[in-house]
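Enquirer: Pasting a structure below so you can have a look.
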Amino acid sequence: MRSIFTQISLLFVALIGFNVQAQDINWISWEEAVQLSQTDAQPKKIFVDVYTDWCGWCKKMDKDTFQNPQVSQYMQDNFYMVKMDAEGKDPIQYQGKTFKFVPSGRRGYHELAAALLQGKMSYPTVVFLDENFNMLSPVPGYQKVEPFMQIAKYFGDNIYKDKDWQSYAGK
């Protein structure tokens, strides 16, 4: 009996340890981010992961970068985390305008994704916005954990307000 209790206890401890290690990001929609920014006492900045279903590098960044415990914790604490399908079909209302899907070529694109990416439709691209949805910067391409954290902290810790990127990044 004692052996079974010990095994169950060890399993419980292992599961709790796993839960602490594997933090999933709570991705929300654009509309949810807008709502939270209007109702939270201290609104956060907005982070938008612009992806497509067919993008292999997007999937790799989800797995390798966003699933990293350091990344997921920092991002959840400092940003509303928005996942946006650049080829999404649903219209999005924002600031009195309706952004729609535009059929084009083989796949088409969403107008809001095009606006956030400043017309440069490459994936993955992440976009940092301030608390008022003003553009801070789009960041194209796959980002590994360390470079991503450097960029995220530049915006999340408001370093961008006092220091240009070259000075901060040591370039």
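A note on labels: chains of the structure tokens are A, B, ... as shown, every chain counts residues from 1, and ligands are counted from 1 in their shown order.
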Any idea what's packed within 9 Å of Thr125 of chain A, counting only C-alpha atoms, ignoring anything in its chain fewer than 2 positions away? Could you give it as a list in words?

Expert: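 The residues that qualify are Val48, Asp49, Val50, Tyr51, Cys58, Leu117, Met121, Ser122, Tyr123, Val127, Pro138, Val139, Pro140, Gly141 and Tyr142 of chain A.
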
Enquirer: Determine the nearest neighbour of Phe47 of chain A from the options A:Lys59, A:Gln76, A:Glu32, A:Leu129, counting only C-alpha atoms.

Expert: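 Looking only at the distances to Phe47 of chain A, the closest residue turns out to be A:Leu129.
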
Enquirer: Do you have the atom CA of Pro43 of chain A-atom CA of Val126 of chain A distance handy?

Expert: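 Atom CA of Pro43 of chain A sits 19.5 Å away from atom CA of Val126 of chain A.
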
Enquirer: Taking only C-alpha atoms into account, produce a table as CSV in which each residue of segment 21-117 of chain A with an atom at most 8 Å from an atom of segment 148-171 of chain A appears once, together with its shortest atom pair and the distance in Å to one decimal, ordered by chain and rising number.

Expert:
```
residue,atom,partner,partner_atom,distance
A:Lys45,CA,A:Gly156,CA,7.3
A:Thr65,CA,A:Phe148,CA,7.8
A:Val71,CA,A:Met149,CA,6.7
A:Met75,CA,A:Ala152,CA,7.7
A:Asn78,CA,A:Gly156,CA,5.9
A:Phe79,CA,A:Gly156,CA,7.4
```

Enquirer: From the list A:Asp85, A:Leu116, A:Asn132, A:Asn68, which residue is nearest Phe101 of chain A when using only C-alpha atoms?

Expert: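 Closest candidate: A:Asp85.
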
Enquirer: In Å, rounded to a single decimal, give me how far atom CA of Pro147 of chain A is from atom CA of Gln70 of chain A.

Expert: 12.6 Å

Enquirer: Which residues are close to Pro91 of chain A, i.e. within 9 Å by only C-alpha atoms, leaving aside same-chain residues fewer than 5 positions away? Reply as JSON, numbers by chain.

Expert: {"A": [98, 99, 100, 101, 110, 111]}

Enquirer: Quick one: DSSP alpha helix (DSSP H) residues in chain A, as a PyMOL selection string?

Expert: chain A and resi 2-21+30-39+56-61+69-78+111-116+145-156+165-169

Enquirer: Given the choices A:Ile92, A:Ala41, A:Ala86, A:Met61, which gets closest to Tyr109 of chain A if the distance is worked out from only C-alpha atoms?

Expert: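 Of A:Ile92, A:Ala41, A:Ala86, A:Met61, the one nearest Tyr109 of chain A is A:Ala86, counting only C-alpha atoms.
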
Enquirer: Return as an MDAnalysis selection string the full set of residues in segment 98-144 of chain A whose backbone-based DSSP assignment is strand (DSSP E).

Expert: chainID A and resid 98:99 101:102 109:110 125:129 135:140

Enquirer: Write out, as a CSV table (one decimal), in the first residue's frame, the residues just selected, with N, CA and C atoms.

Expert:
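Output file selection.csv follows:
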```csv
chain,number,residue,atom,x,y,z
A,98,THR,N,-13.9,48.1,-41.4
A,98,THR,CA,-14.0,46.7,-41.5
A,98,THR,C,-12.9,46.2,-42.4
A,99,PHE,N,-12.0,45.4,-41.8
A,99,PHE,CA,-10.9,44.8,-42.6
A,99,PHE,C,-11.4,43.4,-43.0
A,101,PHE,N,-11.1,39.8,-45.9
A,101,PHE,CA,-10.3,39.0,-46.7
A,101,PHE,C,-10.3,39.4,-48.2
A,102,VAL,N,-9.1,39.4,-48.8
A,102,VAL,CA,-9.1,39.9,-50.2
A,102,VAL,C,-8.6,38.7,-51.1
A,109,TYR,N,-5.4,37.3,-49.0
A,109,TYR,CA,-4.8,37.8,-47.7
A,109,TYR,C,-5.9,38.6,-47.0
A,110,HIS,N,-5.6,38.8,-45.7
A,110,HIS,CA,-6.5,39.6,-44.9
A,110,HIS,C,-6.0,41.1,-44.9
A,125,THR,N,5.9,36.8,-39.4
A,125,THR,CA,6.2,38.1,-39.0
A,125,THR,C,5.5,38.4,-37.7
A,126,VAL,N,6.2,38.9,-36.7
A,126,VAL,CA,5.5,39.3,-35.5
A,126,VAL,C,5.5,40.8,-35.4
A,127,VAL,N,4.5,41.4,-34.8
A,127,VAL,CA,4.3,42.8,-34.8
A,127,VAL,C,4.1,43.2,-33.3
A,128,PHE,N,4.8,44.3,-32.9
A,128,PHE,CA,4.7,44.9,-31.6
A,128,PHE,C,3.9,46.2,-31.7
A,129,LEU,N,2.9,46.3,-30.9
A,129,LEU,CA,2.1,47.5,-30.9
A,129,LEU,C,2.1,48.0,-29.4
A,135,MET,N,1.8,51.3,-34.0
A,135,MET,CA,2.8,50.4,-34.4
A,135,MET,C,4.2,50.8,-33.8
A,136,LEU,N,4.8,49.8,-33.2
A,136,LEU,CA,6.1,49.9,-32.7
A,136,LEU,C,7.1,49.4,-33.7
A,137,SER,N,6.8,48.1,-34.1
A,137,SER,CA,7.6,47.5,-35.2
A,137,SER,C,7.2,46.1,-35.6
A,138,PRO,N,7.1,45.9,-36.9
A,138,PRO,CA,7.0,44.5,-37.4
A,138,PRO,C,8.4,43.9,-37.4
A,139,VAL,N,8.5,42.6,-37.1
A,139,VAL,CA,9.7,41.9,-37.1
A,139,VAL,C,9.6,40.6,-37.9
A,140,PRO,N,10.1,40.7,-39.2
A,140,PRO,CA,9.9,39.5,-40.0
A,140,PRO,C,10.9,38.4,-39.8
```

Enquirer: Give me, please, the distance in Å between atom CA of Val34 of chain A and atom CA of Asp90 of chain A, quoted to one decimal.

Expert: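 Those two atoms sit 16.3 Å apart.
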